[in-house]
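Chemist: One structure, pasted below without further comment.
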Amino acid sequence: MEPKCSICGSPAVAYEHTIRAHLCGTHFTEFVERRVSRTVEKYKMLRGVKRLVVAVSGGKDSVTLLRIMHKLYGEHLELLGVTIDLGISGYSGGCVEAAVRNFEALGVEYRVVRLGDYGFSIDDVNLLNRRRVLRRPVCSVCGMVKRYMINKVALELGADAVATGHNLNDLLLFSLMDIMSASFSELSKLRPKTPTSGKLISRVRPLIFLTDKHTLLYALLNNVPFNPADCPYAPQRGIRVDLLRALDKVEEGNPGFKLALALGMLKLAGKLHVPEAQEGIGECKLCGMPTGSPGLCSFCKLRSQVLRAREVVAPEGQGSSA
Ligand code: SF4
Ligand code: ZN
Ligand code: ZN
């Protein structure tokens with residue numbers, strides 16, 4: 001017999017083991033939204049926030065975030081959407097399109113910012129790595145680029161905070177990798193909310209207690225358009241992929257494990273001393289954005305590296321001109 005919703009008796013679409021209940025579409029949607037609102041309240045994510053930028057990549061997590069923030073807080077907050085065109089061929093176009101469809105469907109004012117306006121793309125970073133003129137893992141470059149561009153546009157828009165779609169898996173992965181590499185200063189920054197500090201705008205992560213299965217089902221049930229494609233640079237194997245599989249395996253036999261581990265990680269991060277990085281934060285000599293080191297910020301350093309490297313490398317298939 002088909003399982004029935006434990007609340008209303010309608011056909012169930014999911015079993016939510018953390019509340020030991022089968023849920024129909026309506027009650028699953030309510031469950032997800034309640035979990036977000038409780039996370040927002042628990043960590044006082046919106047205290048003092050009047051203008052909130054929602055960073056939307058176009059994937060299932062960020063579009064779900066936008067939909068829920070709009071539904072729960074759209075009347076009390078000025079919501080603004082931002083999406084970045086990273087210049088990844090065969091992928092970025094679909095991401096931007098999905099993000100824009102959501103902004104327009106909800107009537108949310110938005111900005112599309114393009115990495116190409118800075119003279120390069122994530123495809124360029126990949127190509128230069130392949131040609132061995134750059135040795136920077138694409139995803140770590142991409143992460144830094146996204147943080148920089150989102151913060152910059154949030155600052156320009158006068159936002160009080162930026163909401164991002166990081167979910168439970170992201171939180172667990174970041175924290176386990178930080179522990180593995182003994183990056184305790186990074187781990188100490190693992191907060192559901194980081195405050196504004198000078199030109200660094202506050203970050204909030206309302207989805208950190210939801211998995212990607214939750215966001216996928218929410219998006220499907222609520223007809224939220226998203227780009228289902230995977231980024232061509234997403235790692236297909238390696239420690240991160242194995243870790244995620246292992247976490248899911250443990251969760252299968254021990255429902256609630258991932259949530260408990262996340263809460264433990266956040267407690268641990270909260271107990272760690274936050275290095276006074278902010279104190280030492282200066283401004284980039286080129287763009288004026290915050291930087292922890294003297295001179296140029298990481299983005300401007302990378303940009304000049306990429307632009308210089310590109311001068312000595314001809315387009316793929318034509319060989320090097322150097
Ligand atoms: Fe960027 Fe890597 Fe994510 Fe692709 S998989 S969007 S390159 S961080
Ligand atoms: Zn129900
Ligand atoms: Zn800079």
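Naming scheme: A, B, ... for chains in displayed order of the structure tokens; residues 1 onward per chain; ligands 1 onward as shown.
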Can you pull out the residues contacting Tyr43 (chain A)? Cut-off 12 Å, using only C-alpha atoms, and skip same-chain residues under 2 positions away; I want them as a VMD selection string.
Modeler: chain A and resid 36 to 41 45 to 47 191 to 195 203 to 208 266
Chemist: All residues within 12 Å of ligand 1 are required, counting only C-alpha atoms and all ligand atoms; please report them as a PDB file with N, CA and C atoms, in the first residue's frame.
Modeler:
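Here's the written file result_5.pdb:
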ATOM      1  N   VAL A  56      21.668  33.909  -6.237  1.00  0.00           N
ATOM      2  CA  VAL A  56      21.008  32.784  -6.915  1.00  0.00           C
ATOM      3  C   VAL A  56      21.880  32.293  -8.065  1.00  0.00           C
ATOM      4  N   SER A  57      22.334  31.045  -7.945  1.00  0.00           N
ATOM      5  CA  SER A  57      23.164  30.497  -9.023  1.00  0.00           C
ATOM      6  C   SER A  57      22.296  29.934 -10.141  1.00  0.00           C
ATOM      7  N   GLY A  58      21.037  29.597  -9.792  1.00  0.00           N
ATOM      8  CA  GLY A  58      20.155  28.963 -10.781  1.00  0.00           C
ATOM      9  C   GLY A  58      20.001  27.469 -10.514  1.00  0.00           C
ATOM     10  N   GLY A  59      20.786  26.934  -9.573  1.00  0.00           N
ATOM     11  CA  GLY A  59      20.657  25.529  -9.173  1.00  0.00           C
ATOM     12  C   GLY A  59      19.504  25.367  -8.175  1.00  0.00           C
ATOM     13  N   ILE A  84      25.396  35.424 -11.035  1.00  0.00           N
ATOM     14  CA  ILE A  84      26.683  35.677 -11.692  1.00  0.00           C
ATOM     15  C   ILE A  84      26.813  34.797 -12.918  1.00  0.00           C
ATOM     16  N   ASP A  85      27.195  35.416 -14.023  1.00  0.00           N
ATOM     17  CA  ASP A  85      27.541  34.642 -15.209  1.00  0.00           C
ATOM     18  C   ASP A  85      29.049  34.376 -15.148  1.00  0.00           C
ATOM     19  N   LEU A  86      29.380  33.115 -14.864  1.00  0.00           N
ATOM     20  CA  LEU A  86      30.793  32.759 -14.656  1.00  0.00           C
ATOM     21  C   LEU A  86      31.533  32.477 -15.957  1.00  0.00           C
ATOM     22  N   GLY A  87      30.788  32.419 -17.060  1.00  0.00           N
ATOM     23  CA  GLY A  87      31.433  32.156 -18.342  1.00  0.00           C
ATOM     24  C   GLY A  87      31.874  30.701 -18.476  1.00  0.00           C
ATOM     25  N   ILE A  88      31.003  29.775 -18.054  1.00  0.00           N
ATOM     26  CA  ILE A  88      31.294  28.346 -18.230  1.00  0.00           C
ATOM     27  C   ILE A  88      30.434  27.872 -19.399  1.00  0.00           C
ATOM     28  N   SER A  89      31.074  27.541 -20.520  1.00  0.00           N
ATOM     29  CA  SER A  89      30.276  27.253 -21.709  1.00  0.00           C
ATOM     30  C   SER A  89      29.438  25.989 -21.523  1.00  0.00           C
ATOM     31  N   GLY A  90      28.232  26.049 -22.041  1.00  0.00           N
ATOM     32  CA  GLY A  90      27.299  24.926 -21.921  1.00  0.00           C
ATOM     33  C   GLY A  90      26.656  24.829 -20.554  1.00  0.00           C
ATOM     34  N   TYR A  91      26.947  25.760 -19.661  1.00  0.00           N
ATOM     35  CA  TYR A  91      26.407  25.668 -18.301  1.00  0.00           C
ATOM     36  C   TYR A  91      25.904  27.011 -17.768  1.00  0.00           C
ATOM     37  N   SER A  92      26.756  28.034 -17.862  1.00  0.00           N
ATOM     38  CA  SER A  92      26.397  29.323 -17.232  1.00  0.00           C
ATOM     39  C   SER A  92      25.124  29.926 -17.830  1.00  0.00           C
ATOM     40  N   CYS A  95      22.151  28.527 -16.186  1.00  0.00           N
ATOM     41  CA  CYS A  95      22.065  28.976 -14.782  1.00  0.00           C
ATOM     42  C   CYS A  95      21.463  30.372 -14.711  1.00  0.00           C
ATOM     43  N   VAL A  96      21.999  31.269 -15.529  1.00  0.00           N
ATOM     44  CA  VAL A  96      21.520  32.660 -15.502  1.00  0.00           C
ATOM     45  C   VAL A  96      20.046  32.702 -15.919  1.00  0.00           C
ATOM     46  N   SER A 121      37.057  34.438 -17.862  1.00  0.00           N
ATOM     47  CA  SER A 121      35.958  33.535 -17.495  1.00  0.00           C
ATOM     48  C   SER A 121      36.534  32.342 -16.733  1.00  0.00           C
ATOM     49  N   ILE A 122      35.653  31.554 -16.145  1.00  0.00           N
ATOM     50  CA  ILE A 122      36.113  30.329 -15.465  1.00  0.00           C
ATOM     51  C   ILE A 122      36.651  29.354 -16.520  1.00  0.00           C
ATOM     52  N   ASP A 123      36.106  29.378 -17.733  1.00  0.00           N
ATOM     53  CA  ASP A 123      36.669  28.553 -18.814  1.00  0.00           C
ATOM     54  C   ASP A 123      38.132  28.923 -19.070  1.00  0.00           C
ATOM     55  N   ASP A 124      38.453  30.230 -18.996  1.00  0.00           N
ATOM     56  CA  ASP A 124      39.854  30.654 -19.193  1.00  0.00           C
ATOM     57  C   ASP A 124      40.745  30.050 -18.104  1.00  0.00           C
ATOM     58  N   VAL A 125      40.251  30.069 -16.874  1.00  0.00           N
ATOM     59  CA  VAL A 125      41.040  29.524 -15.755  1.00  0.00           C
ATOM     60  C   VAL A 125      41.311  28.042 -16.010  1.00  0.00           C
ATOM     61  N   ASN A 126      40.287  27.335 -16.461  1.00  0.00           N
ATOM     62  CA  ASN A 126      40.441  25.910 -16.754  1.00  0.00           C
ATOM     63  C   ASN A 126      41.451  25.675 -17.877  1.00  0.00           C
ATOM     64  N   ARG A 136      45.867  26.594 -10.397  1.00  0.00           N
ATOM     65  CA  ARG A 136      44.866  26.951  -9.388  1.00  0.00           C
ATOM     66  C   ARG A 136      43.634  26.094  -9.616  1.00  0.00           C
ATOM     67  N   PRO A 137      43.258  25.245  -8.643  1.00  0.00           N
ATOM     68  CA  PRO A 137      42.064  24.413  -8.848  1.00  0.00           C
ATOM     69  C   PRO A 137      40.858  25.281  -9.239  1.00  0.00           C
ATOM     70  N   VAL A 138      40.180  24.859 -10.308  1.00  0.00           N
ATOM     71  CA  VAL A 138      39.098  25.690 -10.862  1.00  0.00           C
ATOM     72  C   VAL A 138      38.047  26.027  -9.808  1.00  0.00           C
ATOM     73  N   CYS A 139      37.639  25.014  -9.026  1.00  0.00           N
ATOM     74  CA  CYS A 139      36.552  25.269  -8.073  1.00  0.00           C
ATOM     75  C   CYS A 139      36.973  26.235  -6.965  1.00  0.00           C
ATOM     76  N   SER A 140      38.228  26.191  -6.565  1.00  0.00           N
ATOM     77  CA  SER A 140      38.604  27.124  -5.500  1.00  0.00           C
ATOM     78  C   SER A 140      38.678  28.548  -6.068  1.00  0.00           C
ATOM     79  N   VAL A 141      39.142  28.687  -7.304  1.00  0.00           N
ATOM     80  CA  VAL A 141      39.126  30.005  -7.963  1.00  0.00           C
ATOM     81  C   VAL A 141      37.681  30.493  -8.083  1.00  0.00           C
ATOM     82  N   CYS A 142      36.819  29.583  -8.546  1.00  0.00           N
ATOM     83  CA  CYS A 142      35.422  29.939  -8.772  1.00  0.00           C
ATOM     84  C   CYS A 142      34.753  30.387  -7.468  1.00  0.00           C
ATOM     85  N   GLY A 143      35.042  29.664  -6.383  1.00  0.00           N
ATOM     86  CA  GLY A 143      34.467  30.026  -5.082  1.00  0.00           C
ATOM     87  C   GLY A 143      34.900  31.430  -4.673  1.00  0.00           C
ATOM     88  N   MET A 144      36.171  31.706  -4.845  1.00  0.00           N
ATOM     89  CA  MET A 144      36.699  33.025  -4.460  1.00  0.00           C
ATOM     90  C   MET A 144      36.067  34.120  -5.327  1.00  0.00           C
ATOM     91  N   VAL A 145      35.971  33.841  -6.627  1.00  0.00           N
ATOM     92  CA  VAL A 145      35.385  34.812  -7.565  1.00  0.00           C
ATOM     93  C   VAL A 145      33.935  35.123  -7.173  1.00  0.00           C
ATOM     94  N   LYS A 146      33.181  34.072  -6.837  1.00  0.00           N
ATOM     95  CA  LYS A 146      31.779  34.270  -6.476  1.00  0.00           C
ATOM     96  C   LYS A 146      31.663  35.102  -5.190  1.00  0.00           C
ATOM     97  N   ARG A 147      32.494  34.776  -4.193  1.00  0.00           N
ATOM     98  CA  ARG A 147      32.435  35.534  -2.926  1.00  0.00           C
ATOM     99  C   ARG A 147      32.719  37.013  -3.191  1.00  0.00           C
ATOM    100  N   HIS A 166      23.849  27.675   0.656  1.00  0.00           N
ATOM    101  CA  HIS A 166      24.637  26.552   1.195  1.00  0.00           C
ATOM    102  C   HIS A 166      23.736  25.645   2.024  1.00  0.00           C
ATOM    103  N   ASP A 170      26.954  20.933   2.173  1.00  0.00           N
ATOM    104  CA  ASP A 170      28.045  21.909   2.030  1.00  0.00           C
ATOM    105  C   ASP A 170      28.701  22.157   3.389  1.00  0.00           C
ATOM    106  N   ASN A 227      18.177  25.086 -13.043  1.00  0.00           N
ATOM    107  CA  ASN A 227      19.014  24.441 -14.053  1.00  0.00           C
ATOM    108  C   ASN A 227      19.443  23.073 -13.518  1.00  0.00           C
ATOM    109  N   ALA A 229      21.361  20.927 -14.866  1.00  0.00           N
ATOM    110  CA  ALA A 229      22.670  20.448 -15.350  1.00  0.00           C
ATOM    111  C   ALA A 229      23.730  20.544 -14.256  1.00  0.00           C
ATOM    112  N   ASP A 230      24.711  19.662 -14.340  1.00  0.00           N
ATOM    113  CA  ASP A 230      25.866  19.746 -13.435  1.00  0.00           C
ATOM    114  C   ASP A 230      26.941  20.576 -14.102  1.00  0.00           C
ATOM    115  N   CYS A 231      27.672  21.319 -13.297  1.00  0.00           N
ATOM    116  CA  CYS A 231      28.790  22.086 -13.846  1.00  0.00           C
ATOM    117  C   CYS A 231      29.826  21.108 -14.414  1.00  0.00           C
ATOM    118  N   PRO A 232      30.365  21.385 -15.601  1.00  0.00           N
ATOM    119  CA  PRO A 232      31.349  20.455 -16.178  1.00  0.00           C
ATOM    120  C   PRO A 232      32.619  20.337 -15.330  1.00  0.00           C
ATOM    121  N   TYR A 233      32.839  21.300 -14.441  1.00  0.00           N
ATOM    122  CA  TYR A 233      34.056  21.230 -13.604  1.00  0.00           C
ATOM    123  C   TYR A 233      33.787  20.608 -12.227  1.00  0.00           C
ATOM    124  N   ALA A 234      32.539  20.221 -11.972  1.00  0.00           N
ATOM    125  CA  ALA A 234      32.244  19.605 -10.672  1.00  0.00           C
ATOM    126  C   ALA A 234      33.034  18.305 -10.566  1.00  0.00           C
ATOM    127  N   PRO A 235      33.749  18.112  -9.456  1.00  0.00           N
ATOM    128  CA  PRO A 235      34.562  16.900  -9.354  1.00  0.00           C
ATOM    129  C   PRO A 235      33.711  15.636  -9.433  1.00  0.00           C
ATOM    130  N   GLN A 236      34.176  14.673 -10.219  1.00  0.00           N
ATOM    131  CA  GLN A 236      33.453  13.405 -10.368  1.00  0.00           C
ATOM    132  C   GLN A 236      33.985  12.355  -9.407  1.00  0.00           C
ATOM    133  N   ARG A 240      36.125  14.648  -1.745  1.00  0.00           N
ATOM    134  CA  ARG A 240      34.836  15.295  -1.467  1.00  0.00           C
ATOM    135  C   ARG A 240      33.673  14.402  -1.897  1.00  0.00           C
ATOM    136  N   VAL A 241      33.816  13.824  -3.073  1.00  0.00           N
ATOM    137  CA  VAL A 241      32.759  12.948  -3.583  1.00  0.00           C
ATOM    138  C   VAL A 241      32.628  11.730  -2.666  1.00  0.00           C
TER     139      VAL A 241
END
Chemist: Which residues of chain A come within 10 Å of ligand 3, and what is each one's closest atom pair and distance in Å (one decimal), counting only C-alpha atoms and all ligand atoms, sorted by chain and residue number, as JSON lines?
Modeler:
{"residue": "A:Tyr148", "atom": "CA", "partner": "ligand 3", "partner_atom_place_in_ligand_line": "1 (Zn)", "distance": 8.8}
{"residue": "A:Glu283", "atom": "CA", "partner": "ligand 3", "partner_atom_place_in_ligand_line": "1 (Zn)", "distance": 7.8}
{"residue": "A:Cys284", "atom": "CA", "partner": "ligand 3", "partner_atom_place_in_ligand_line": "1 (Zn)", "distance": 4.6}
{"residue": "A:Lys285", "atom": "CA", "partner": "ligand 3", "partner_atom_place_in_ligand_line": "1 (Zn)", "distance": 6.6}
{"residue": "A:Leu286", "atom": "CA", "partner": "ligand 3", "partner_atom_place_in_ligand_line": "1 (Zn)", "distance": 5.1}
{"residue": "A:Cys287", "atom": "CA", "partner": "ligand 3", "partner_atom_place_in_ligand_line": "1 (Zn)", "distance": 4.1}
{"residue": "A:Gly288", "atom": "CA", "partner": "ligand 3", "partner_atom_place_in_ligand_line": "1 (Zn)", "distance": 6.0}
{"residue": "A:Met289", "atom": "CA", "partner": "ligand 3", "partner_atom_place_in_ligand_line": "1 (Zn)", "distance": 5.5}
{"residue": "A:Pro290", "atom": "CA", "partner": "ligand 3", "partner_atom_place_in_ligand_line": "1 (Zn)", "distance": 7.6}
{"residue": "A:Thr291", "atom": "CA", "partner": "ligand 3", "partner_atom_place_in_ligand_line": "1 (Zn)", "distance": 7.6}
{"residue": "A:Gly295", "atom": "CA", "partner": "ligand 3", "partner_atom_place_in_ligand_line": "1 (Zn)", "distance": 8.5}
{"residue": "A:Leu296", "atom": "CA", "partner": "ligand 3", "partner_atom_place_in_ligand_line": "1 (Zn)", "distance": 5.3}
{"residue": "A:Cys297", "atom": "CA", "partner": "ligand 3", "partner_atom_place_in_ligand_line": "1 (Zn)", "distance": 4.2}
{"residue": "A:Ser298", "atom": "CA", "partner": "ligand 3", "partner_atom_place_in_ligand_line": "1 (Zn)", "distance": 6.8}
{"residue": "A:Phe299", "atom": "CA", "partner": "ligand 3", "partner_atom_place_in_ligand_line": "1 (Zn)", "distance": 5.6}
{"residue": "A:Cys300", "atom": "CA", "partner": "ligand 3", "partner_atom_place_in_ligand_line": "1 (Zn)", "distance": 4.2}
{"residue": "A:Lys301", "atom": "CA", "partner": "ligand 3", "partner_atom_place_in_ligand_line": "1 (Zn)", "distance": 7.3}
{"residue": "A:Leu302", "atom": "CA", "partner": "ligand 3", "partner_atom_place_in_ligand_line": "1 (Zn)", "distance": 9.4}
{"residue": "A:Arg303", "atom": "CA", "partner": "ligand 3", "partner_atom_place_in_ligand_line": "1 (Zn)", "distance": 9.0}
Chemist: How about saving the chosen residues, N, CA and C atoms kept, as a PDB file, in the first residue's frame?
Modeler:
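Below you can see again.pdb, which holds the result:
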ATOM      1  N   TYR A 148      33.743  37.264  -4.018  1.00  0.00           N
ATOM      2  CA  TYR A 148      34.146  38.639  -4.315  1.00  0.00           C
ATOM      3  C   TYR A 148      33.022  39.386  -5.033  1.00  0.00           C
ATOM      4  N   GLU A 283      42.275  47.589   2.431  1.00  0.00           N
ATOM      5  CA  GLU A 283      41.556  47.707   1.166  1.00  0.00           C
ATOM      6  C   GLU A 283      42.503  47.458   0.010  1.00  0.00           C
ATOM      7  N   CYS A 284      41.981  46.772  -0.997  1.00  0.00           N
ATOM      8  CA  CYS A 284      42.777  46.457  -2.179  1.00  0.00           C
ATOM      9  C   CYS A 284      43.190  47.767  -2.865  1.00  0.00           C
ATOM     10  N   LYS A 285      44.453  47.822  -3.233  1.00  0.00           N
ATOM     11  CA  LYS A 285      44.965  49.051  -3.857  1.00  0.00           C
ATOM     12  C   LYS A 285      44.339  49.306  -5.229  1.00  0.00           C
ATOM     13  N   LEU A 286      43.798  48.237  -5.829  1.00  0.00           N
ATOM     14  CA  LEU A 286      43.242  48.388  -7.175  1.00  0.00           C
ATOM     15  C   LEU A 286      41.732  48.632  -7.156  1.00  0.00           C
ATOM     16  N   CYS A 287      41.009  47.765  -6.410  1.00  0.00           N
ATOM     17  CA  CYS A 287      39.545  47.847  -6.494  1.00  0.00           C
ATOM     18  C   CYS A 287      38.896  48.404  -5.231  1.00  0.00           C
ATOM     19  N   GLY A 288      39.681  48.527  -4.152  1.00  0.00           N
ATOM     20  CA  GLY A 288      39.126  49.099  -2.923  1.00  0.00           C
ATOM     21  C   GLY A 288      38.325  48.126  -2.087  1.00  0.00           C
ATOM     22  N   MET A 289      38.263  46.861  -2.520  1.00  0.00           N
ATOM     23  CA  MET A 289      37.508  45.874  -1.740  1.00  0.00           C
ATOM     24  C   MET A 289      38.386  45.324  -0.623  1.00  0.00           C
ATOM     25  N   PRO A 290      37.744  44.701   0.397  1.00  0.00           N
ATOM     26  CA  PRO A 290      38.521  44.257   1.550  1.00  0.00           C
ATOM     27  C   PRO A 290      39.544  43.179   1.191  1.00  0.00           C
ATOM     28  N   THR A 291      40.675  43.228   1.867  1.00  0.00           N
ATOM     29  CA  THR A 291      41.682  42.180   1.683  1.00  0.00           C
ATOM     30  C   THR A 291      42.443  41.981   2.992  1.00  0.00           C
ATOM     31  N   GLY A 295      48.399  45.175  -0.270  1.00  0.00           N
ATOM     32  CA  GLY A 295      48.452  45.227  -1.742  1.00  0.00           C
ATOM     33  C   GLY A 295      47.117  44.914  -2.369  1.00  0.00           C
ATOM     34  N   LEU A 296      47.142  43.879  -3.222  1.00  0.00           N
ATOM     35  CA  LEU A 296      45.935  43.549  -3.977  1.00  0.00           C
ATOM     36  C   LEU A 296      45.096  42.475  -3.273  1.00  0.00           C
ATOM     37  N   CYS A 297      43.786  42.491  -3.527  1.00  0.00           N
ATOM     38  CA  CYS A 297      42.913  41.437  -2.996  1.00  0.00           C
ATOM     39  C   CYS A 297      43.107  40.174  -3.846  1.00  0.00           C
ATOM     40  N   SER A 298      42.586  39.045  -3.360  1.00  0.00           N
ATOM     41  CA  SER A 298      42.782  37.770  -4.075  1.00  0.00           C
ATOM     42  C   SER A 298      42.204  37.848  -5.487  1.00  0.00           C
ATOM     43  N   PHE A 299      41.075  38.536  -5.633  1.00  0.00           N
ATOM     44  CA  PHE A 299      40.452  38.609  -6.954  1.00  0.00           C
ATOM     45  C   PHE A 299      41.336  39.378  -7.932  1.00  0.00           C
ATOM     46  N   CYS A 300      41.824  40.536  -7.511  1.00  0.00           N
ATOM     47  CA  CYS A 300      42.652  41.342  -8.427  1.00  0.00           C
ATOM     48  C   CYS A 300      43.962  40.622  -8.751  1.00  0.00           C
ATOM     49  N   LYS A 301      44.503  39.892  -7.740  1.00  0.00           N
ATOM     50  CA  LYS A 301      45.737  39.114  -8.005  1.00  0.00           C
ATOM     51  C   LYS A 301      45.452  38.059  -9.061  1.00  0.00           C
ATOM     52  N   LEU A 302      44.368  37.335  -8.871  1.00  0.00           N
ATOM     53  CA  LEU A 302      44.019  36.276  -9.827  1.00  0.00           C
ATOM     54  C   LEU A 302      43.790  36.873 -11.211  1.00  0.00           C
ATOM     55  N   ARG A 303      43.051  37.974 -11.247  1.00  0.00           N
ATOM     56  CA  ARG A 303      42.719  38.581 -12.536  1.00  0.00           C
ATOM     57  C   ARG A 303      43.982  38.973 -13.292  1.00  0.00           C
TER      58      ARG A 303
END
Chemist: List all protein, DNA and RNA residues that have at least one atom no more than 9 Å from any atom of ligand 2, counting only C-alpha atoms and all ligand atoms, and write them as a list in words.
Modeler: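 Protein and nucleic-acid residues within 9 Å of ligand 2: Lys4, Cys5, Ser6, Ile7, Cys8, Gly9, Ser10, Pro11, Ala12, His22, Leu23, Cys24, Gly25, Thr26, His27 and Phe28 of chain A.
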Chemist: Suppose we keep N, CA, C and O atoms; can you now write the selection as a CSV table (one decimal), in the first residue's frame?
Modeler:
chain,number,residue,atom,x,y,z
A,4,LYS,N,0.8,6.9,3.3
A,4,LYS,CA,0.0,8.1,3.4
A,4,LYS,C,0.6,9.2,4.3
A,4,LYS,O,1.4,8.8,5.2
A,5,CYS,N,0.3,10.4,4.1
A,5,CYS,CA,0.8,11.5,4.9
A,5,CYS,C,0.4,11.3,6.4
A,5,CYS,O,-0.8,11.1,6.6
A,6,SER,N,1.4,11.4,7.3
A,6,SER,CA,1.1,11.1,8.7
A,6,SER,C,0.2,12.2,9.3
A,6,SER,O,-0.3,12.1,10.3
A,7,ILE,N,0.2,13.4,8.5
A,7,ILE,CA,-0.6,14.5,9.1
A,7,ILE,C,-2.1,14.5,8.5
A,7,ILE,O,-3.0,14.6,9.3
A,8,CYS,N,-2.2,14.3,7.2
A,8,CYS,CA,-3.5,14.5,6.6
A,8,CYS,C,-4.1,13.3,5.9
A,8,CYS,O,-5.2,13.3,5.5
A,9,GLY,N,-3.3,12.2,5.8
A,9,GLY,CA,-3.7,11.0,5.1
A,9,GLY,C,-3.7,11.0,3.6
A,9,GLY,O,-4.1,10.0,3.0
A,10,SER,N,-3.3,12.1,3.0
A,10,SER,CA,-3.2,12.1,1.5
A,10,SER,C,-1.9,11.3,1.1
A,10,SER,O,-1.1,11.0,2.0
A,11,PRO,N,-1.8,10.9,-0.2
A,11,PRO,CA,-0.7,10.1,-0.6
A,11,PRO,C,0.6,10.9,-0.2
A,11,PRO,O,0.7,12.1,-0.4
A,12,ALA,N,1.6,10.1,0.3
A,12,ALA,CA,2.8,10.8,0.8
A,12,ALA,C,3.8,10.9,-0.4
A,12,ALA,O,3.8,10.0,-1.3
A,22,HIS,N,5.7,10.4,7.3
A,22,HIS,CA,5.4,10.5,5.9
A,22,HIS,C,4.7,11.8,5.6
A,22,HIS,O,3.9,12.2,6.4
A,23,LEU,N,5.1,12.5,4.5
A,23,LEU,CA,4.5,13.8,4.2
A,23,LEU,C,4.0,13.8,2.8
A,23,LEU,O,4.6,13.4,1.9
A,24,CYS,N,2.8,14.5,2.7
A,24,CYS,CA,2.3,14.7,1.3
A,24,CYS,C,3.0,16.0,0.8
A,24,CYS,O,3.8,16.6,1.5
A,25,GLY,N,2.7,16.4,-0.4
A,25,GLY,CA,3.4,17.6,-1.0
A,25,GLY,C,3.2,18.8,-0.2
A,25,GLY,O,4.1,19.6,0.1
A,26,THR,N,2.0,19.1,0.3
A,26,THR,CA,1.7,20.3,1.0
A,26,THR,C,2.4,20.3,2.4
A,26,THR,O,3.0,21.3,2.8
A,27,HIS,N,2.4,19.1,3.0
A,27,HIS,CA,3.0,19.1,4.4
A,27,HIS,C,4.6,19.0,4.3
A,27,HIS,O,5.3,19.4,5.2
A,28,PHE,N,5.1,18.5,3.1
A,28,PHE,CA,6.5,18.5,2.9
A,28,PHE,C,7.0,19.9,2.7
A,28,PHE,O,7.9,20.4,3.3
Chemist: For Glu75 (chain A), list every protein, DNA or RNA residue within 12 Å, evaluated using only C-alpha atoms, and leave out those in the same chain fewer than 6 positions away; present the list as number ranges by chain.
Modeler: A: 50-51, 69, 108
Chemist: If you run DSSP over the backbone, which residues in region 59-277 of chain A end up alpha helix (DSSP H)? Put them as a ChimeraX atom specification.
Modeler: /A:60-73,92-106,122-130,138-156,168-180,184-188,212-221,239-253,257-271,277
Chemist: Could you give me the residues within region 24-188 of chain A that DSSP places in strand (DSSP E), as a PyMOL selection string?
Modeler: chain A and resi 51-55+78-85+109-114+161-163
Chemist: Extract, using only C-alpha atoms, all DNA, RNA and protein residues at most 10 Å from region 247-250 of chain A, discarding same-chain residues fewer than 6 positions from it, and format them as an NGL selection string.
Modeler: :A and (169 or 172-173 or 256-258 or 261)
Chemist: Suppose you want the space between CA of Pro3 (chain A) and CA of Ala21 (chain A); what is it in Å?
Modeler: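 Between these atoms lies a distance of 10.2 Å.
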Chemist: Set the distance at 9 Å and use only C-alpha atoms: which residues neighbour region 179-189 of chain A once local chain neighbours fewer than 4 positions away are removed? I'd like the list as a PyMOL selection string.
Modeler: chain A and resi 174-175+194+265-266+268-275
Chemist: Tyr110 (chain A): which residues within 9 Å, counting only C-alpha atoms, same-chain residues fewer than 3 positions away excluded, as a PyMOL selection string?
Modeler: chain A and resi 53+79-83+100+103-104
Chemist: What's the 9 Å shell around Ser62 (chain A), counting only C-alpha atoms, without same-chain residues fewer than 2 positions away, as a list of chain:residue names?
Modeler: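 My reading of the contact set: A:Val54, A:Ala55, A:Val56, A:Ser57, A:Gly58, A:Gly59, A:Lys60, A:Thr64, A:Leu65, A:Leu66, A:Arg67, A:Ala99, A:Thr164, A:Gly165, A:His166, A:Thr215, A:Phe226.
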Chemist: CA of Leu259 (chain A) and CA of Thr18 (chain A), how far apart in Å?
Modeler: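 Answer for the CA of Thr18 (chain A) to CA of Leu259 (chain A) separation: 8.6 Å.
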